[in-house]
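Novice: For reference, the structure I am asking about is given below.
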Amino acid sequence: MTSDALSSLTRAWENAFNAKDAAGLAALYTPQARLLTPTRVIATGAEEIRGYLATLLDHGIAGHRFEPVEGAEEGATAWQVGRWQAQSPGGGEHGERREGNYSLILRREGADWRIHAHIWN
């Protein structure tokens, strides 16, 4: 996976999230993907992931951005770790800044890369 391909995938995730497109987000995950959240929820599969992320979007979380620190490709698997930030409602005119760390494990499916595991705190 080239850094361009990984950047393209994370940019697509950010664009879908910031457009409040839960279905578009779910399409970036493998059918067996797992989303491990700070609230100890484990969403399995694109439909559960879509539902969980739709709830975040409904609560007004916006302005998401990934800040990659490191990543690598090993055959049909790739990984990336870094920091994320977003805004939630409250805390002033532009909302309250939220931030933390994330880890992505990606799998190649045909010519495309998809997120297979996603965890953040």
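Labeling convention for the structure tokens: chains A, B, ... as they appear, residues from 1 per chain, ligands from 1 in order of appearance.
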Write out as a list in words all residues of segment 25-92 of chain A that backbone DSSP assigns to helix (DSSP H, G or I).
Specialist: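 Of segment 25-92 of chain A, the ones in helix (DSSP H, G or I) are Leu25, Ala26, Gly45, Ala46, Glu47, Glu48, Ile49, Arg50, Gly51, Tyr52, Leu53, Ala54, Thr55, Leu56, Leu57 and Asp58 of chain A.
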Novice: Could you give me, as a PyMOL selection string, the residues within 10 Å of Asp112 of chain A, counting only C-alpha atoms and dropping anything in the same chain fewer than 4 positions from it?
Specialist: chain A and resi 1+5+9+28+107-108
Novice: Next, write the just-selected residues to a file, as an mmCIF file, in the first residue's frame, keeping C-alpha atoms as the atom set.
Specialist:
data_model
loop_
_atom_site.group_PDB
_atom_site.id
_atom_site.type_symbol
_atom_site.label_atom_id
_atom_site.label_comp_id
_atom_site.auth_asym_id
_atom_site.auth_seq_id
_atom_site.Cartn_x
_atom_site.Cartn_y
_atom_site.Cartn_z
ATOM 1 C CA MET A 1 0.000 0.000 0.000
ATOM 2 C CA ALA A 5 -3.325 4.925 -1.243
ATOM 3 C CA LEU A 9 -8.425 6.054 2.212
ATOM 4 C CA LEU A 28 -14.729 1.812 3.694
ATOM 5 C CA ARG A 107 -6.920 -5.414 4.196
ATOM 6 C CA ARG A 108 -6.641 -5.502 0.445
#
Novice: Quick one: residues within 9 Å of Ala26 of chain A, only C-alpha atoms, excluding same-chain residues fewer than 4 positions away - as a list in words?
Specialist: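 Residues near the query, excluding close chain neighbours: Asp21, Ala22, Thr30, Gly45, Ala46, Glu47, Glu48, Ile49, Arg50, Gly51 and Leu53 of chain A.
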Novice: Would you output that residue set with C-alpha atoms, as a CSV table (one decimal), in the first residue's frame?
Specialist:
chain,number,residue,atom,x,y,z
A,21,ASP,CA,-22.4,10.1,5.4
A,22,ALA,CA,-22.6,7.0,7.6
A,30,THR,CA,-14.5,-4.9,5.2
A,45,GLY,CA,-19.5,-5.7,10.3
A,46,ALA,CA,-20.2,-2.8,8.1
A,47,GLU,CA,-23.9,-2.5,9.2
A,48,GLU,CA,-23.1,-2.3,12.9
A,49,ILE,CA,-20.3,0.1,12.2
A,50,ARG,CA,-22.6,2.3,10.1
A,51,GLY,CA,-25.1,2.4,12.9
A,53,LEU,CA,-20.9,6.0,13.4
Novice: I'd like to know which residues of segment 36-66 of chain A are strand (DSSP E or B) (by DSSP, run on the backbone); could you write them as number ranges by chain?
Specialist: A: 36, 42-44, 62-66
Novice: Output C-alpha atoms of each residue in that selection to a file, as a PDB file, in the first residue's frame.
Specialist:
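The result, stored in result_25.pdb:
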ATOM      1  CA  LEU A  36     -13.467  -0.806  18.940  1.00  0.00           C
ATOM      2  CA  ILE A  42     -17.353  -3.373  19.624  1.00  0.00           C
ATOM      3  CA  ALA A  43     -19.256  -2.957  16.364  1.00  0.00           C
ATOM      4  CA  THR A  44     -18.797  -5.899  13.993  1.00  0.00           C
ATOM      5  CA  ALA A  62     -17.765  17.049  13.120  1.00  0.00           C
ATOM      6  CA  GLY A  63     -14.498  18.313  11.688  1.00  0.00           C
ATOM      7  CA  HIS A  64     -12.719  14.970  12.006  1.00  0.00           C
ATOM      8  CA  ARG A  65      -9.082  14.817  10.960  1.00  0.00           C
ATOM      9  CA  PHE A  66      -6.468  12.056  11.055  1.00  0.00           C
TER      10      PHE A  66
END
Novice: Could you tell me how far atom CA of Val41 of chain A lies from atom CA of Trp120 of chain A, in Å and to one decimal?
Specialist: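 Atom CA of Trp120 of chain A lies at a distance of 11.3 Å from atom CA of Val41 of chain A.
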Novice: Let me make sure I understand: among A:Glu70, A:Tyr52, A:Gly75, A:Glu99, which one has the smallest atom-to-atom distance to Ala23 of chain A if we use only C-alpha atoms?
Specialist: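 Looking at the shortest contact to Ala23 of chain A, the residue is A:Tyr52.
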Novice: Just to confirm, what's the straight-line distance from atom CA of Gln87 of chain A to atom CA of Gly60 of chain A in Å (one decimal)?
Specialist: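 One can read the atom CA of Gln87 of chain A to atom CA of Gly60 of chain A distance as 8.2 Å.
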Novice: Pick out the closest residue to Gly95 of chain A from this set: A:Ile61, A:Ala27, A:Leu6, A:Ala16. Count only C-alpha atoms.
Specialist: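 Smallest distance to Gly95 of chain A is found for A:Ile61.
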Novice: Counting only C-alpha atoms, what is within 9 Å of His116 of chain A, bar same-chain residues fewer than 2 positions away, as number ranges by chain?
Specialist: A: 29-35, 104-107, 114, 118
Novice: Only N, CA and C atoms, please: the residues just picked out, written as a CSV table (one decimal), in the first residue's frame.
Specialist:
chain,number,residue,atom,x,y,z
A,29,TYR,N,-15.1,-0.1,5.2
A,29,TYR,CA,-14.8,-1.2,6.0
A,29,TYR,C,-15.0,-2.5,5.4
A,30,THR,N,-14.2,-3.6,5.7
A,30,THR,CA,-14.5,-4.9,5.2
A,30,THR,C,-15.8,-5.4,5.8
A,31,PRO,N,-16.4,-6.4,5.2
A,31,PRO,CA,-17.7,-7.0,5.8
A,31,PRO,C,-17.5,-7.6,7.2
A,32,GLN,N,-16.3,-8.0,7.5
A,32,GLN,CA,-16.0,-8.6,8.8
A,32,GLN,C,-15.3,-7.6,9.8
A,33,ALA,N,-15.3,-6.4,9.4
A,33,ALA,CA,-14.5,-5.4,10.2
A,33,ALA,C,-15.0,-5.3,11.7
A,34,ARG,N,-14.1,-4.8,12.5
A,34,ARG,CA,-14.4,-4.5,13.9
A,34,ARG,C,-14.0,-3.1,14.2
A,35,LEU,N,-14.9,-2.4,14.9
A,35,LEU,CA,-14.7,-1.0,15.3
A,35,LEU,C,-14.7,-1.1,16.9
A,104,LEU,N,-5.4,1.7,12.8
A,104,LEU,CA,-6.1,1.1,11.7
A,104,LEU,C,-5.4,-0.1,11.2
A,105,ILE,N,-6.1,-1.2,11.0
A,105,ILE,CA,-5.6,-2.4,10.3
A,105,ILE,C,-6.4,-2.5,9.0
A,106,LEU,N,-5.7,-2.5,7.9
A,106,LEU,CA,-6.4,-2.5,6.6
A,106,LEU,C,-6.1,-3.8,5.9
A,107,ARG,N,-7.0,-4.2,5.0
A,107,ARG,CA,-6.9,-5.4,4.2
A,107,ARG,C,-7.2,-5.1,2.7
A,114,ARG,N,-9.5,-1.7,2.4
A,114,ARG,CA,-10.6,-1.5,3.3
A,114,ARG,C,-10.1,-1.6,4.7
A,118,HIS,N,-10.4,-1.0,13.5
A,118,HIS,CA,-10.3,0.5,13.8
A,118,HIS,C,-10.5,0.7,15.3
Novice: Between atom CA of Ala76 of chain A and atom CA of Arg11 of chain A, what is the distance, to one decimal in Å?
Specialist: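 Atom-to-atom, atom CA of Ala76 of chain A to atom CA of Arg11 of chain A, that is 20.4 Å.
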Novice: Taking into account only C-alpha atoms, which residue in the set A:Glu109, A:Asp58, A:Glu67, A:Asp4 is nearest to Asn18 of chain A?
Specialist: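 Smallest distance to Asn18 of chain A is found for A:Asp58.
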Novice: Which is closest to Arg83 of chain A among A:Thr55, A:Asn15, A:Asn121, A:Ser8, if we use only C-alpha atoms?
Specialist: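 The closest residue to Arg83 of chain A is A:Asn121.
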Novice: List the neighbours of Gln80 of chain A out to 8 Å using only C-alpha atoms; skip same-chain residues closer than 2 positions along the sequence, and give me the result as a ChimeraX atom specification.
Specialist: /A:68-72,78,82,103-105
Novice: Could you tell me which of A:Gln85, A:Leu25, A:Glu96, A:Arg40 comes closest to Trp13 of chain A if we count only C-alpha atoms?
Specialist: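 Selected residue with least distance to Trp13 of chain A: A:Leu25.
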